[in-house]
Amino acid sequence: MLVLGVVVIAAALAGWRLWGGRSEYDGNLMISSARAAPGETVELTFVAGYDHTSMFMLYRMGSSKPSYFLYSASDRGRAEPSWTRAEDVPEGAGFSAIGRTDPGPERVVIPPPVADGEYSVCAVAKVMSCALLTVGR
């Protein structure tokens with residue numbers, strides 16, 4: 001699973017998605033609220049048996065590159081959910097990601113500097129799955 005995380009993050013930073021540039025809204029990933037404010041925490045849940053990690057990508061609608069990487073509190077024992085701006089991660093960099101199949105929830109924070117608009121929250125997983133999110137103050 002470590003290799004999966006490295007490949008997915010390197011691919012995302014290079015500007016392409018593993019599913020051919022289109023979002024997968026297949027119901028494997030569900031979000032607690034379709035609307036959230038910057039700085040707000042949302043819960044992500046999964047269908048039973050969906051293979052995922054505790055790391056997510058936030059894509060602004062229409063962009064082929066993620067704006068942010070989101071890490072749930074369960075990612076490597078973090079006390080609180082956290083995030084990293086994608087532009088702050090060197091191109092070609094990778095992160096480790098531990099595979100899981102539990103339904104969650106995974107709690108992630110919407111980064112405070114994120115602009116209002118339409119986004120996709122996508123799971124770092126073997127089969128990418130996304131949920132729609134409107135960010136607004």
# chains A, B, ... in the order shown; residues from 1 in each chain; ligands from 1
>>> residues_around(residues="stretch 41-49 of chain A", least_positions_apart="4", cutoff="6 Å", atoms="only C-alpha atoms", output="MDAnalysis selection string")
chainID A and resid 28:32 101 103:109
>>> write_last_selection(atoms="N, CA and C atoms", output="mmCIF file, in the first residue's frame")
data_model
loop_
_atom_site.group_PDB
_atom_site.id
_atom_site.type_symbol
_atom_site.label_atom_id
_atom_site.label_comp_id
_atom_site.auth_asym_id
_atom_site.auth_seq_id
_atom_site.Cartn_x
_atom_site.Cartn_y
_atom_site.Cartn_z
ATOM 1 N N ASN A 28 -18.681 5.154 -3.622
ATOM 2 C CA ASN A 28 -17.783 4.524 -2.653
ATOM 3 C C ASN A 28 -17.368 5.494 -1.555
ATOM 4 N N LEU A 29 -17.304 6.783 -1.864
ATOM 5 C CA LEU A 29 -16.917 7.821 -0.906
ATOM 6 C C LEU A 29 -18.107 8.752 -0.717
ATOM 7 N N MET A 30 -18.493 8.953 0.542
ATOM 8 C CA MET A 30 -19.613 9.849 0.852
ATOM 9 C C MET A 30 -19.149 10.903 1.841
ATOM 10 N N ILE A 31 -19.680 12.114 1.694
ATOM 11 C CA ILE A 31 -19.293 13.232 2.548
ATOM 12 C C ILE A 31 -20.481 13.642 3.412
ATOM 13 N N SER A 32 -20.202 14.030 4.661
ATOM 14 C CA SER A 32 -21.274 14.317 5.622
ATOM 15 C C SER A 32 -22.102 15.532 5.243
ATOM 16 N N THR A 101 -9.839 -0.849 4.910
ATOM 17 C CA THR A 101 -11.110 -1.212 4.292
ATOM 18 C C THR A 101 -12.299 -0.912 5.204
ATOM 19 N N PRO A 103 -15.278 1.366 7.104
ATOM 20 C CA PRO A 103 -16.168 2.377 6.530
ATOM 21 C C PRO A 103 -15.927 3.798 7.042
ATOM 22 N N GLY A 104 -14.994 3.986 7.965
ATOM 23 C CA GLY A 104 -14.753 5.321 8.504
ATOM 24 C C GLY A 104 -15.593 5.553 9.742
ATOM 25 N N PRO A 105 -15.840 6.783 10.101
ATOM 26 C CA PRO A 105 -15.577 7.967 9.294
ATOM 27 C C PRO A 105 -14.131 8.443 9.398
ATOM 28 N N GLU A 106 -13.714 9.138 8.362
ATOM 29 C CA GLU A 106 -12.446 9.853 8.341
ATOM 30 C C GLU A 106 -12.804 11.335 8.432
ATOM 31 N N ARG A 107 -12.215 12.048 9.369
ATOM 32 C CA ARG A 107 -12.493 13.477 9.543
ATOM 33 C C ARG A 107 -11.373 14.291 8.921
ATOM 34 N N VAL A 108 -11.743 15.185 8.006
ATOM 35 C CA VAL A 108 -10.760 16.067 7.364
ATOM 36 C C VAL A 108 -11.221 17.510 7.518
ATOM 37 N N VAL A 109 -10.264 18.407 7.572
ATOM 38 C CA VAL A 109 -10.577 19.828 7.685
ATOM 39 C C VAL A 109 -10.456 20.470 6.301
#
>>> select_by_dssp(residues="stretch 27-136 of chain A", states="helix (DSSP H, G or I)", output="list in words")
Asp75, Arg76, Gly77, Ala86, Glu87 and Asp88 of chain A
>>> atom_distance(atom1="atom CA of A:Arg100", atom2="atom CA of A:Asp26")
18.3 Å
>>> closest_residue(among="A:Asp102, A:Glu80, A:Glu87, A:Glu118", to="A:Tyr68", atoms="only C-alpha atoms")
A:Glu87
>>> atom_distance(atom1="atom CA of A:Asp116", atom2="atom CA of A:Ala37")
8.2 Å
>>> residues_around(residues="A:Pro113", least_positions_apart="6", cutoff="10 Å", atoms="only C-alpha atoms", output="JSON, numbers by chain")
{"A": [38, 39, 85]}
>>> write_last_selection(atoms="N, CA and C atoms", output="PDB file, in the first residue's frame")
ATOM      1  N   PRO A  38     -14.486  27.136   4.842  1.00  0.00           N
ATOM      2  CA  PRO A  38     -13.061  26.933   5.107  1.00  0.00           C
ATOM      3  C   PRO A  38     -12.828  26.832   6.620  1.00  0.00           C
ATOM      4  N   GLY A  39     -12.011  25.875   7.022  1.00  0.00           N
ATOM      5  CA  GLY A  39     -11.725  25.643   8.426  1.00  0.00           C
ATOM      6  C   GLY A  39     -12.671  24.652   9.089  1.00  0.00           C
ATOM      7  N   ARG A  85      -0.826  22.395   1.100  1.00  0.00           N
ATOM      8  CA  ARG A  85      -1.103  22.939  -0.237  1.00  0.00           C
ATOM      9  C   ARG A  85      -0.308  22.122  -1.241  1.00  0.00           C
TER      10      ARG A  85
END
>>> closest_residue(among="A:Arg137, A:Thr53, A:Arg60, A:Cys130", to="A:Ser72", atoms="only C-alpha atoms")
A:Thr53
>>> residues_around(residues="A:Cys122", least_positions_apart="4", cutoff="10 Å", atoms="only C-alpha atoms", output="PDB file with N, CA and C atoms, in the first residue's frame")
ATOM      1  N   SER A  23     -13.703  12.473 -13.054  1.00  0.00           N
ATOM      2  CA  SER A  23     -13.985  12.146 -11.660  1.00  0.00           C
ATOM      3  C   SER A  23     -14.852  10.909 -11.560  1.00  0.00           C
ATOM      4  N   GLU A  24     -14.652  10.151 -10.515  1.00  0.00           N
ATOM      5  CA  GLU A  24     -15.438   8.953 -10.258  1.00  0.00           C
ATOM      6  C   GLU A  24     -16.357   9.214  -9.076  1.00  0.00           C
ATOM      7  N   TYR A  25     -17.596   9.535  -9.353  1.00  0.00           N
ATOM      8  CA  TYR A  25     -18.605   9.724  -8.323  1.00  0.00           C
ATOM      9  C   TYR A  25     -19.441   8.451  -8.276  1.00  0.00           C
ATOM     10  N   LEU A  29     -17.304   6.783  -1.864  1.00  0.00           N
ATOM     11  CA  LEU A  29     -16.917   7.821  -0.906  1.00  0.00           C
ATOM     12  C   LEU A  29     -18.107   8.752  -0.717  1.00  0.00           C
ATOM     13  N   MET A  55      -5.780   9.522   3.462  1.00  0.00           N
ATOM     14  CA  MET A  55      -5.277  10.692   2.748  1.00  0.00           C
ATOM     15  C   MET A  55      -6.210  10.984   1.583  1.00  0.00           C
ATOM     16  N   PHE A  56      -6.458  12.264   1.341  1.00  0.00           N
ATOM     17  CA  PHE A  56      -7.424  12.678   0.326  1.00  0.00           C
ATOM     18  C   PHE A  56      -6.868  13.853  -0.461  1.00  0.00           C
ATOM     19  N   MET A  57      -7.445  14.091  -1.628  1.00  0.00           N
ATOM     20  CA  MET A  57      -7.045  15.227  -2.465  1.00  0.00           C
ATOM     21  C   MET A  57      -8.265  16.109  -2.694  1.00  0.00           C
ATOM     22  N   LEU A  58      -8.049  17.407  -2.646  1.00  0.00           N
ATOM     23  CA  LEU A  58      -9.111  18.376  -2.894  1.00  0.00           C
ATOM     24  C   LEU A  58      -8.821  19.051  -4.222  1.00  0.00           C
ATOM     25  N   TYR A  59      -9.682  18.801  -5.214  1.00  0.00           N
ATOM     26  CA  TYR A  59      -9.537  19.364  -6.556  1.00  0.00           C
ATOM     27  C   TYR A  59     -10.559  20.475  -6.750  1.00  0.00           C
ATOM     28  N   PRO A  66      -4.555  18.621  -7.997  1.00  0.00           N
ATOM     29  CA  PRO A  66      -5.177  18.903  -6.705  1.00  0.00           C
ATOM     30  C   PRO A  66      -4.722  20.261  -6.171  1.00  0.00           C
ATOM     31  N   PHE A  69      -3.777  18.502  -0.301  1.00  0.00           N
ATOM     32  CA  PHE A  69      -3.808  17.140   0.207  1.00  0.00           C
ATOM     33  C   PHE A  69      -4.374  17.231   1.614  1.00  0.00           C
ATOM     34  N   LEU A  70      -5.337  16.377   1.935  1.00  0.00           N
ATOM     35  CA  LEU A  70      -5.992  16.377   3.238  1.00  0.00           C
ATOM     36  C   LEU A  70      -5.641  15.088   3.965  1.00  0.00           C
ATOM     37  N   MET A 128      -9.926   5.241  -7.570  1.00  0.00           N
ATOM     38  CA  MET A 128     -10.224   6.584  -7.086  1.00  0.00           C
ATOM     39  C   MET A 128     -11.730   6.806  -7.033  1.00  0.00           C
ATOM     40  N   SER A 129     -12.162   7.390  -5.928  1.00  0.00           N
ATOM     41  CA  SER A 129     -13.564   7.715  -5.743  1.00  0.00           C
ATOM     42  C   SER A 129     -13.642   9.125  -5.194  1.00  0.00           C
ATOM     43  N   CYS A 130     -14.632   9.896  -5.626  1.00  0.00           N
ATOM     44  CA  CYS A 130     -14.748  11.306  -5.240  1.00  0.00           C
ATOM     45  C   CYS A 130     -16.152  11.638  -4.759  1.00  0.00           C
ATOM     46  N   ALA A 131     -16.249  12.738  -4.025  1.00  0.00           N
ATOM     47  CA  ALA A 131     -17.527  13.289  -3.601  1.00  0.00           C
ATOM     48  C   ALA A 131     -17.482  14.792  -3.897  1.00  0.00           C
ATOM     49  N   LEU A 132     -18.616  15.351  -4.250  1.00  0.00           N
ATOM     50  CA  LEU A 132     -18.697  16.777  -4.556  1.00  0.00           C
ATOM     51  C   LEU A 132     -18.819  17.589  -3.268  1.00  0.00           C
TER      52      LEU A 132
END
